[in-house]
Structure formats: structure tokens, C-alpha cells
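Shown here: model-v5.cif, mmCIF, C-alpha atoms and all ligand atoms.
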```
data_start
#
loop_
_atom_site.label_atom_id
_atom_site.label_comp_id
_atom_site.auth_asym_id
_atom_site.auth_seq_id
_atom_site.Cartn_x
_atom_site.Cartn_y
_atom_site.Cartn_z
CA MET A 237 13.24 8.29 -11.61
CA HIS A 238 11.64 8.18 -15.07
CA ARG A 239 9.99 5.19 -16.76
CA ALA A 240 7.36 4.48 -19.39
CA VAL A 241 4.85 1.63 -19.42
CA THR A 242 5.11 -0.30 -22.68
CA GLY A 243 2.11 -2.19 -24.05
CA PRO A 244 2.04 -5.58 -25.85
CA ASP A 245 2.61 -3.76 -29.16
CA GLY A 246 5.87 -2.29 -27.86
CA ARG A 247 4.48 1.23 -27.78
CA PRO A 248 4.22 3.39 -24.64
CA VAL A 249 0.82 3.22 -22.98
CA THR A 250 -0.69 6.70 -22.62
CA GLY A 251 -4.27 6.01 -21.46
CA PHE A 252 -4.72 5.04 -17.83
CA ALA A 253 -7.93 4.60 -15.86
CA VAL A 254 -8.28 6.29 -12.49
CA ASP A 255 -8.15 3.77 -9.66
CA GLN A 256 -8.55 5.00 -6.08
CA THR A 257 -8.31 8.58 -7.39
CA LYS A 258 -4.92 8.01 -9.14
CA ARG A 259 -3.77 6.76 -12.53
CA MET A 260 -0.72 5.08 -11.06
CA HIS A 261 0.25 3.88 -7.62
CA PHE A 262 3.89 3.26 -6.86
CA TYR A 263 5.38 1.50 -3.85
CA ALA A 264 8.90 0.85 -2.65
CA ILE A 265 9.94 -1.47 0.16
CA ARG A 266 13.29 -2.82 1.28
CA SER A 267 13.95 -6.56 1.32
CA ASP A 268 13.65 -6.51 5.14
CA LEU A 269 10.18 -4.89 4.70
CA THR A 270 11.25 -1.51 6.11
CA GLY A 271 11.45 1.82 4.29
CA PHE A 272 7.93 1.73 2.83
CA GLN A 273 7.07 4.47 0.36
CA HIS A 274 3.74 4.94 -1.44
CA ILE A 275 3.68 7.69 -4.02
CA HIS A 276 1.77 8.73 -7.12
CA PRO A 277 3.92 9.33 -10.19
CA THR A 278 2.93 11.94 -12.74
CA MET A 279 2.91 11.29 -16.48
CA ALA A 280 4.52 13.63 -19.00
CA PRO A 281 2.94 13.93 -22.50
CA GLU A 282 5.49 11.46 -23.95
CA ALA A 283 4.11 8.80 -21.55
CA THR A 284 7.07 8.91 -19.21
CA TRP A 285 6.22 8.66 -15.53
CA THR A 286 8.20 10.53 -12.91
CA ALA A 287 8.26 9.79 -9.20
CA ASP A 288 10.14 11.53 -6.43
CA LEU A 289 11.37 8.94 -3.98
CA ASP A 290 12.67 9.75 -0.54
CA THR A 291 16.34 9.00 0.08
CA LEU A 292 16.96 5.27 -0.16
CA ALA A 293 19.07 3.37 2.33
CA PRO A 294 21.61 0.92 0.85
CA GLY A 295 20.41 -2.61 0.16
CA SER A 296 17.89 -4.47 -1.94
CA LEU A 297 14.71 -2.62 -2.77
CA ARG A 298 11.47 -3.85 -4.36
CA MET A 299 9.61 -1.37 -6.52
CA VAL A 300 5.98 -2.07 -7.37
CA THR A 301 3.63 -0.17 -9.62
CA SER A 302 -0.08 -0.78 -10.10
CA PHE A 303 -2.27 0.69 -12.83
CA ASN A 304 -5.24 0.00 -15.12
CA PRO A 305 -4.77 0.75 -18.83
CA GLY A 306 -7.63 2.94 -20.03
CA SER A 307 -7.75 1.40 -23.51
CA GLY A 308 -6.31 -1.38 -25.67
CA ALA A 309 -5.86 -5.07 -24.86
CA GLY A 310 -5.43 -4.56 -21.13
CA LYS A 311 -8.32 -2.14 -20.66
CA ALA A 312 -9.84 -2.27 -17.18
CA THR A 313 -7.39 -4.94 -16.04
CA ALA A 314 -5.39 -4.20 -12.90
CA PHE A 315 -1.70 -4.69 -13.60
CA VAL A 316 1.01 -4.99 -10.99
CA LEU A 317 4.58 -4.76 -12.23
CA SER A 318 7.59 -5.02 -9.98
CA ARG A 319 11.32 -5.20 -10.08
CA THR A 320 14.14 -5.39 -7.60
CA VAL A 321 16.86 -2.78 -7.58
CA SER A 322 20.05 -2.64 -5.62
CA VAL A 323 20.97 0.55 -3.80
CA PRO A 324 24.77 0.65 -3.47
CA GLY A 325 26.45 0.82 -0.11
CA THR A 326 26.53 -1.17 3.09
CA GLY A 327 23.03 -1.87 4.35
CA THR A 328 21.81 -3.30 7.61
CA GLU A 329 18.95 -5.81 7.59
CA ILE A 330 16.45 -5.19 10.37
CA PRO A 331 14.79 -8.41 11.65
CA LEU A 332 11.03 -8.56 11.01
CA PRO A 333 9.10 -7.79 14.22
CA ALA A 334 7.00 -10.63 15.61
CA ALA A 335 3.35 -10.84 14.58
CA THR A 336 1.08 -8.62 16.68
CA LYS A 337 -2.54 -7.43 16.68
CA THR A 338 -1.75 -3.77 17.34
CA ALA A 339 0.32 -1.02 15.80
CA GLU A 340 1.01 2.47 17.14
CA VAL A 341 1.68 5.61 15.16
CA ASP A 342 1.48 9.34 16.02
CA GLY A 343 -0.51 8.58 19.19
CA TYR A 344 -3.01 6.31 17.41
CA THR A 345 -3.45 2.61 18.11
CA LEU A 346 -4.68 0.32 15.34
CA THR A 347 -5.96 -3.11 16.29
CA VAL A 348 -6.38 -5.76 13.63
CA ASN A 349 -8.81 -8.61 14.22
CA GLY A 350 -9.52 -11.60 12.04
CA GLU A 351 -7.98 -14.85 10.89
CA PRO A 352 -6.50 -14.32 7.43
CA MET A 353 -6.05 -17.50 5.41
CA ALA A 354 -3.86 -17.91 2.34
CA GLY A 355 -5.69 -17.75 -0.97
CA MET A 356 -9.06 -16.96 0.57
CA ALA A 357 -11.03 -13.74 0.95
CA ARG A 358 -11.41 -13.24 4.69
CA PRO A 359 -12.84 -10.36 6.70
CA LEU A 360 -10.50 -8.32 8.85
CA THR A 361 -11.43 -5.39 11.02
CA VAL A 362 -9.13 -2.53 11.89
CA THR A 363 -10.13 -0.48 14.94
CA VAL A 364 -8.57 2.94 15.44
CA THR A 365 -8.28 4.46 18.92
CA LYS A 366 -6.38 7.35 20.50
CA ASP A 367 -5.73 7.57 24.26
CA GLY A 368 -8.12 4.64 24.66
CA GLN A 369 -10.99 6.48 22.93
CA PRO A 370 -12.55 5.47 19.60
CA VAL A 371 -11.39 7.65 16.68
CA THR A 372 -14.25 8.92 14.48
CA ASP A 373 -12.60 11.67 12.44
CA LEU A 374 -10.77 9.67 9.80
CA GLN A 375 -10.63 11.55 6.52
CA PRO A 376 -10.84 9.96 3.08
CA PHE A 377 -7.47 8.97 1.64
CA LEU A 378 -7.58 7.67 -1.95
CA ASP A 379 -11.34 7.21 -1.70
CA ALA A 380 -11.19 5.11 1.47
CA TYR A 381 -10.67 5.59 5.21
CA ALA A 382 -7.53 3.49 5.07
CA HIS A 383 -5.15 2.22 2.44
CA LEU A 384 -3.56 -1.12 3.26
CA THR A 385 -0.56 -2.55 1.51
CA ALA A 386 1.10 -5.85 2.44
CA PHE A 387 4.47 -7.38 1.59
CA HIS A 388 5.36 -11.01 2.16
CA GLU A 389 8.41 -11.93 4.20
CA GLY A 390 11.13 -13.53 2.08
CA ASP A 391 9.97 -12.72 -1.46
CA THR A 392 8.47 -9.22 -0.96
CA ALA A 393 5.31 -10.33 -2.79
CA PHE A 394 2.81 -7.48 -2.89
CA ALA A 395 -0.86 -7.36 -1.97
CA HIS A 396 -3.39 -4.63 -1.65
CA LEU A 397 -6.27 -4.93 0.81
CA HIS A 398 -9.53 -3.19 0.15
CA PRO A 399 -11.62 -1.56 2.87
CA THR A 400 -15.30 -2.25 2.24
CA THR A 401 -16.38 0.60 4.54
CA LYS A 402 -18.01 3.31 2.42
CA VAL A 403 -16.57 6.81 2.58
CA ASN A 404 -18.84 9.59 3.81
CA GLY A 405 -17.03 12.77 4.83
CA ASP A 406 -14.35 13.32 7.46
CA HIS A 407 -15.82 11.01 10.07
CA GLY A 408 -14.54 7.54 9.40
CA GLY A 409 -13.79 5.10 12.19
CA PRO A 410 -13.36 3.71 14.66
CA GLU A 411 -13.94 0.39 12.89
CA LEU A 412 -12.97 -0.37 9.30
CA SER A 413 -13.92 -3.55 7.47
CA ILE A 414 -11.28 -5.00 5.19
CA ASN A 415 -11.56 -7.75 2.64
CA ALA A 416 -8.23 -9.53 3.07
CA GLU A 417 -7.06 -11.80 0.29
CA LEU A 418 -3.41 -12.75 0.72
CA PRO A 419 -2.10 -15.35 -1.70
CA THR A 420 0.43 -17.17 0.49
CA SER A 421 0.82 -18.15 4.12
CA GLY A 422 3.52 -16.81 6.42
CA ASN A 423 4.35 -13.36 7.66
CA TRP A 424 3.23 -10.23 5.87
CA ARG A 425 4.21 -6.71 6.79
CA LEU A 426 0.98 -4.73 6.75
CA LEU A 427 1.25 -0.98 6.10
CA MET A 428 -1.90 0.89 7.11
CA GLN A 429 -2.20 4.47 5.89
CA PHE A 430 -4.93 6.78 7.14
CA ARG A 431 -5.54 10.51 7.35
CA THR A 432 -6.68 12.79 10.17
CA GLY A 433 -6.54 16.60 10.33
CA GLY A 434 -4.99 16.68 6.86
CA LYS A 435 -2.04 14.57 7.97
CA LEU A 436 -1.21 11.14 6.61
CA HIS A 437 -0.19 8.45 9.12
CA THR A 438 1.38 5.07 8.38
CA ALA A 439 1.08 2.29 10.94
CA ALA A 440 2.79 -1.06 10.42
CA LEU A 441 2.53 -4.50 11.94
CA THR A 442 3.41 -8.08 11.09
CA LEU A 443 0.38 -10.18 10.18
CA ASN A 444 0.57 -13.95 10.25
CA VAL A 445 -1.45 -15.66 7.52
CA GLY A 446 -2.40 -19.32 8.03
CU CU B 1 -1.46 4.84 -4.31
#
```

Full structure transcribed into C-alpha cells:
Amino acid sequence: MHRAVTGPDGRPVTGFAVDQTKRMHFYAIRSDLTGFQHIHPTMAPEATWTADLDTLAPGSLRMVTSFNPGSGAGKATAFVLSRTVSVPGTGTEIPLPAATKTAEVDGYTLTVNGEPMAGMARPLTVTVTKDGQPVTDLQPFLDAYAHLTAFHEGDTAFAHLHPTTKVNGDHGGPELSINAELPTSGNWRLLMQFRTGGKLHTAALTLNVG
């Protein structure tokens, strides 16, 4: 896939600020909030961005990009652009799992505590354990011990949650503090990415926001 970002003057934007170690973050999610992909496109000299997506299942897909122009009118402003694309074929919608406090992935258990409220910044904690023991060897991923992305049920609205835990070497965990600010109430699919032993893991759960 190839695309350019066009500025208010109609010209391609070529200067991008680094945010969480990357100049552009790109996400894809299906309308049923499955099939999450988070990748980092690369920019060619003519300001065209290229991203390699995994194979897409048929159905409706939301694509989201976030970036900070490094100059011009939008300098230092975080932009989120999104569009919906249709992947041809017969797709199956998977019902959204019920809201839970825990998610399992690759032998890890992530427990989310807190009471997120729509439109308010609220603290959440994510605790990472493995075989019942606290995990303390989280490695930095994009300048944090976890990268959390959330998509709203129904309209696939996008939100990004920021860990406030400072990064200091390969020994993050077991508890991560998150500043959760989700704009609307209802169910959000929360994708939690973290790294151990050089491997990236993605845990997911449904978070209910009051
Ligand atoms: Cu990213």
C-alpha cells in the first residue's frame, strides 16, 4: 500500500517528528475489532509512505494513521487520520467478547484494574504475570513497557493510551500505570502490546467504559 500525506497547501508533507521512536504509526482493525495490525510505514524521498500489511480477511476494515508534522502549520500537533476500506469476499463477523479484567497471551496474563470514564483522564494499572509470578523483564517497545491501542465497538473510533511508567532497561513490570482517556462510553477493544526476550506479544480484552 502506498500513500502520501497532503498538507493544507495541497503539497505532500515531508517533515515528520519522531513520536514514540517512529515518524508514523499505522493501525488496521476489522469492523468486529479483530485482525489488529500495528506497523510503521517507511517514507520514500517523494513523500510516499509504504506499509506491508498482513493478509486481510474479507470485510470492512478501518485503517488509522497517526503522525506529527515536523514543520508547517501543523507542527507538533498529533494528527490521526482514518478511513474505512472494504476487503472483497465473504467475511464472518466475530461477536465481541464480554468485558473482562484479564487477557492471556503466550503464557502471560495481563490484569487491568481501574474504572475508566468517558471523556476523563483516569488511572488504569496493567499487571503482568506468568505462571502466577510477577513479570519483571519487560523490554522497551516504542519507548514504553507497553503500547495500548483501543477501538470502540460500533464505530471503530481509535484511542491511544499512554503508560506513565518510565522506561529503564529490560526490567519493566509487573505493574504499569496507564493514563486512560477514552472519549465515549461503551465497549472498547483494548490491544496491549509488550516485549519480552525480543519477542512482541499482543494481548486483547474488552474494556467497558462508563
Ligand atoms: Cu506505532

List as a tab-separated table every residue of range 300-348 of chain A that is in contact with range 407-426 of chain A, defined as an atom at most 10 Å from one of its atoms (using only C-alpha atoms), together with the nearest atom pair and the distance in Å rounded to one decimal, sorted by chain and then rising number.
```
residue	atom	partner	partner_atom	distance
A:Leu332	CA	A:Arg425	CA	8.2
A:Pro333	CA	A:Arg425	CA	9.0
A:Ala334	CA	A:Asn423	CA	8.8
A:Ala335	CA	A:Asn423	CA	7.4
A:Ala339	CA	A:Leu426	CA	9.8
A:Leu346	CA	A:Pro410	CA	9.3
A:Thr347	CA	A:Glu411	CA	9.4
A:Val348	CA	A:Leu412	CA	9.6
```

### Polymer residues at most 9 Å from Asp379 in chain A, only C-alpha atoms, same-chain spacing of 4 or more positions, as a ChimeraX atom specification
/A:256-257,383,402-403

### Task
Using all atoms listed in the file, find each residue with an atom at most 12 Å away from ligand CU 1 (chain B) and format the answer as an MDAnalysis selection string.
chainID A and resid 254:264 273:278 287 300:303 377:380 382:385 396 429

### Task
Please indicate the distance in Å from CA of Thr365 in chain A to CA of Lys337 in chain A, rounded to one decimal place.
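That distance, rounded to one decimal, is 13.4 Å.
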
Would you kindly return, as a PDB file with C-alpha atoms, in the frame of the given file, each protein, DNA or RNA residue with an atom no farther than 12 Å from any atom of range 293-295 of chain A, considering all atoms listed in the file and excluding same-chain residues fewer than 6 positions away?
```pdb
ATOM      1  CA  ALA A 264       8.900   0.850  -2.650  1.00  0.00           C
ATOM      2  CA  ILE A 265       9.940  -1.470   0.160  1.00  0.00           C
ATOM      3  CA  ARG A 266      13.290  -2.820   1.280  1.00  0.00           C
ATOM      4  CA  SER A 267      13.950  -6.560   1.320  1.00  0.00           C
ATOM      5  CA  ASP A 268      13.650  -6.510   5.140  1.00  0.00           C
ATOM      6  CA  LEU A 269      10.180  -4.890   4.700  1.00  0.00           C
ATOM      7  CA  THR A 270      11.250  -1.510   6.110  1.00  0.00           C
ATOM      8  CA  GLY A 271      11.450   1.820   4.290  1.00  0.00           C
ATOM      9  CA  PHE A 272       7.930   1.730   2.830  1.00  0.00           C
ATOM     10  CA  THR A 320      14.140  -5.390  -7.600  1.00  0.00           C
ATOM     11  CA  VAL A 321      16.860  -2.780  -7.580  1.00  0.00           C
ATOM     12  CA  SER A 322      20.050  -2.640  -5.620  1.00  0.00           C
ATOM     13  CA  VAL A 323      20.970   0.550  -3.800  1.00  0.00           C
ATOM     14  CA  PRO A 324      24.770   0.650  -3.470  1.00  0.00           C
ATOM     15  CA  GLY A 325      26.450   0.820  -0.110  1.00  0.00           C
ATOM     16  CA  THR A 326      26.530  -1.170   3.090  1.00  0.00           C
ATOM     17  CA  GLY A 327      23.030  -1.870   4.350  1.00  0.00           C
ATOM     18  CA  THR A 328      21.810  -3.300   7.610  1.00  0.00           C
ATOM     19  CA  GLU A 329      18.950  -5.810   7.590  1.00  0.00           C
ATOM     20  CA  ILE A 330      16.450  -5.190  10.370  1.00  0.00           C
TER      21      ILE A 330
END
```

### Query
In Å, how far is it from CA of Thr345 in chain A to CA of Lys366 in chain A?
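Computing the Euclidean distance for CA of Thr345 in chain A and CA of Lys366 in chain A yields 6.1 Å.
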
Determine, counting only C-alpha atoms, which protein, DNA and RNA residues have an atom within 7 Å of an atom of Val341 in chain A; residues of the same chain fewer than 4 positions away are not included. Present the result as a short mmCIF file (atom, residue, chain, number, x, y, z; two decimals) with C-alpha atoms, keeping the file's coordinate frame.
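Written out: result-v7.cif:
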```
data_model
loop_
_atom_site.label_atom_id
_atom_site.label_comp_id
_atom_site.auth_asym_id
_atom_site.auth_seq_id
_atom_site.Cartn_x
_atom_site.Cartn_y
_atom_site.Cartn_z
CA THR A 345 -3.45 2.61 18.11
CA HIS A 437 -0.19 8.45 9.12
CA THR A 438 1.38 5.07 8.38
CA ALA A 439 1.08 2.29 10.94
#
```

### Query
Could you state the separation of CA of Asp342 in chain A and CA of Asp391 in chain A in Å, given to one decimal place?
29.4 Å

Which centre and which edge lengths, in Å to one decimal, describe the axis-aligned box that holds all listed atoms of range 390-396 of chain A after 6 Å is added on each side, as AutoDock Vina command-line options?
```
--center_x 3.9 --center_y -9.1 --center_z -0.4 --size_x 26.5 --size_y 20.9 --size_z 17.0
```

Starting from the incomplete input, reconstruct N, CA, C and O atoms of range 343-361 of chain A and write that as a PDB file, in the frame of the given file.
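Below is the file that was written, result.pdb:
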```pdb
ATOM      1  N   GLY A 343       0.475   8.564  18.111  1.00  0.00           N
ATOM      2  CA  GLY A 343      -0.510   8.580  19.190  1.00  0.00           C
ATOM      3  C   GLY A 343      -1.747   7.737  18.933  1.00  0.00           C
ATOM      4  O   GLY A 343      -2.599   7.596  19.805  1.00  0.00           O
ATOM      5  N   TYR A 344      -1.860   7.167  17.748  1.00  0.00           N
ATOM      6  CA  TYR A 344      -3.010   6.310  17.410  1.00  0.00           C
ATOM      7  C   TYR A 344      -2.629   4.846  17.631  1.00  0.00           C
ATOM      8  O   TYR A 344      -1.481   4.451  17.432  1.00  0.00           O
ATOM      9  N   THR A 345      -3.619   4.050  18.004  1.00  0.00           N
ATOM     10  CA  THR A 345      -3.450   2.610  18.110  1.00  0.00           C
ATOM     11  C   THR A 345      -4.398   1.942  17.130  1.00  0.00           C
ATOM     12  O   THR A 345      -5.601   2.238  17.123  1.00  0.00           O
ATOM     13  N   LEU A 346      -3.859   1.072  16.289  1.00  0.00           N
ATOM     14  CA  LEU A 346      -4.680   0.320  15.340  1.00  0.00           C
ATOM     15  C   LEU A 346      -4.663  -1.137  15.761  1.00  0.00           C
ATOM     16  O   LEU A 346      -3.585  -1.708  15.974  1.00  0.00           O
ATOM     17  N   THR A 347      -5.840  -1.710  15.898  1.00  0.00           N
ATOM     18  CA  THR A 347      -5.960  -3.110  16.290  1.00  0.00           C
ATOM     19  C   THR A 347      -6.584  -3.893  15.147  1.00  0.00           C
ATOM     20  O   THR A 347      -7.638  -3.506  14.630  1.00  0.00           O
ATOM     21  N   VAL A 348      -5.917  -4.949  14.755  1.00  0.00           N
ATOM     22  CA  VAL A 348      -6.380  -5.760  13.630  1.00  0.00           C
ATOM     23  C   VAL A 348      -6.951  -7.068  14.167  1.00  0.00           C
ATOM     24  O   VAL A 348      -6.281  -7.770  14.928  1.00  0.00           O
ATOM     25  N   ASN A 349      -8.188  -7.362  13.815  1.00  0.00           N
ATOM     26  CA  ASN A 349      -8.810  -8.610  14.220  1.00  0.00           C
ATOM     27  C   ASN A 349      -9.263  -9.412  13.016  1.00  0.00           C
ATOM     28  O   ASN A 349      -9.737  -8.846  12.039  1.00  0.00           O
ATOM     29  N   GLY A 350      -9.119 -10.728  13.132  1.00  0.00           N
ATOM     30  CA  GLY A 350      -9.520 -11.600  12.040  1.00  0.00           C
ATOM     31  C   GLY A 350      -8.511 -12.728  11.898  1.00  0.00           C
ATOM     32  O   GLY A 350      -7.472 -12.728  12.556  1.00  0.00           O
ATOM     33  N   GLU A 351      -8.855 -13.701  11.100  1.00  0.00           N
ATOM     34  CA  GLU A 351      -7.980 -14.850  10.890  1.00  0.00           C
ATOM     35  C   GLU A 351      -7.709 -14.990   9.398  1.00  0.00           C
ATOM     36  O   GLU A 351      -8.368 -15.770   8.708  1.00  0.00           O
ATOM     37  N   PRO A 352      -6.753 -14.233   8.873  1.00  0.00           N
ATOM     38  CA  PRO A 352      -6.500 -14.320   7.430  1.00  0.00           C
ATOM     39  C   PRO A 352      -5.959 -15.700   7.036  1.00  0.00           C
ATOM     40  O   PRO A 352      -5.168 -16.293   7.760  1.00  0.00           O
ATOM     41  N   MET A 353      -6.462 -16.194   5.915  1.00  0.00           N
ATOM     42  CA  MET A 353      -6.050 -17.500   5.410  1.00  0.00           C
ATOM     43  C   MET A 353      -5.549 -17.337   3.980  1.00  0.00           C
ATOM     44  O   MET A 353      -6.163 -16.615   3.190  1.00  0.00           O
ATOM     45  N   ALA A 354      -4.464 -18.032   3.662  1.00  0.00           N
ATOM     46  CA  ALA A 354      -3.860 -17.910   2.340  1.00  0.00           C
ATOM     47  C   ALA A 354      -4.836 -18.283   1.237  1.00  0.00           C
ATOM     48  O   ALA A 354      -5.529 -19.299   1.329  1.00  0.00           O
ATOM     49  N   GLY A 355      -4.909 -17.444   0.213  1.00  0.00           N
ATOM     50  CA  GLY A 355      -5.690 -17.750  -0.970  1.00  0.00           C
ATOM     51  C   GLY A 355      -7.192 -17.623  -0.804  1.00  0.00           C
ATOM     52  O   GLY A 355      -7.951 -18.017  -1.691  1.00  0.00           O
ATOM     53  N   MET A 356      -7.625 -17.089   0.329  1.00  0.00           N
ATOM     54  CA  MET A 356      -9.060 -16.960   0.570  1.00  0.00           C
ATOM     55  C   MET A 356      -9.398 -15.521   0.934  1.00  0.00           C
ATOM     56  O   MET A 356      -8.608 -14.862   1.601  1.00  0.00           O
ATOM     57  N   ALA A 357     -10.572 -15.066   0.530  1.00  0.00           N
ATOM     58  CA  ALA A 357     -11.030 -13.740   0.950  1.00  0.00           C
ATOM     59  C   ALA A 357     -11.589 -13.868   2.361  1.00  0.00           C
ATOM     60  O   ALA A 357     -12.503 -14.655   2.600  1.00  0.00           O
ATOM     61  N   ARG A 358     -10.994 -13.155   3.285  1.00  0.00           N
ATOM     62  CA  ARG A 358     -11.410 -13.240   4.690  1.00  0.00           C
ATOM     63  C   ARG A 358     -11.626 -11.846   5.240  1.00  0.00           C
ATOM     64  O   ARG A 358     -10.885 -10.934   4.919  1.00  0.00           O
ATOM     65  N   PRO A 359     -12.625 -11.687   6.120  1.00  0.00           N
ATOM     66  CA  PRO A 359     -12.840 -10.360   6.700  1.00  0.00           C
ATOM     67  C   PRO A 359     -11.832 -10.055   7.801  1.00  0.00           C
ATOM     68  O   PRO A 359     -11.520 -10.903   8.621  1.00  0.00           O
ATOM     69  N   LEU A 360     -11.334  -8.846   7.768  1.00  0.00           N
ATOM     70  CA  LEU A 360     -10.500  -8.320   8.850  1.00  0.00           C
ATOM     71  C   LEU A 360     -11.158  -7.034   9.316  1.00  0.00           C
ATOM     72  O   LEU A 360     -11.767  -6.330   8.509  1.00  0.00           O
ATOM     73  N   THR A 361     -11.017  -6.716  10.582  1.00  0.00           N
ATOM     74  CA  THR A 361     -11.430  -5.390  11.020  1.00  0.00           C
ATOM     75  C   THR A 361     -10.217  -4.679  11.598  1.00  0.00           C
ATOM     76  O   THR A 361      -9.363  -5.286  12.245  1.00  0.00           O
TER      77      THR A 361
END
```
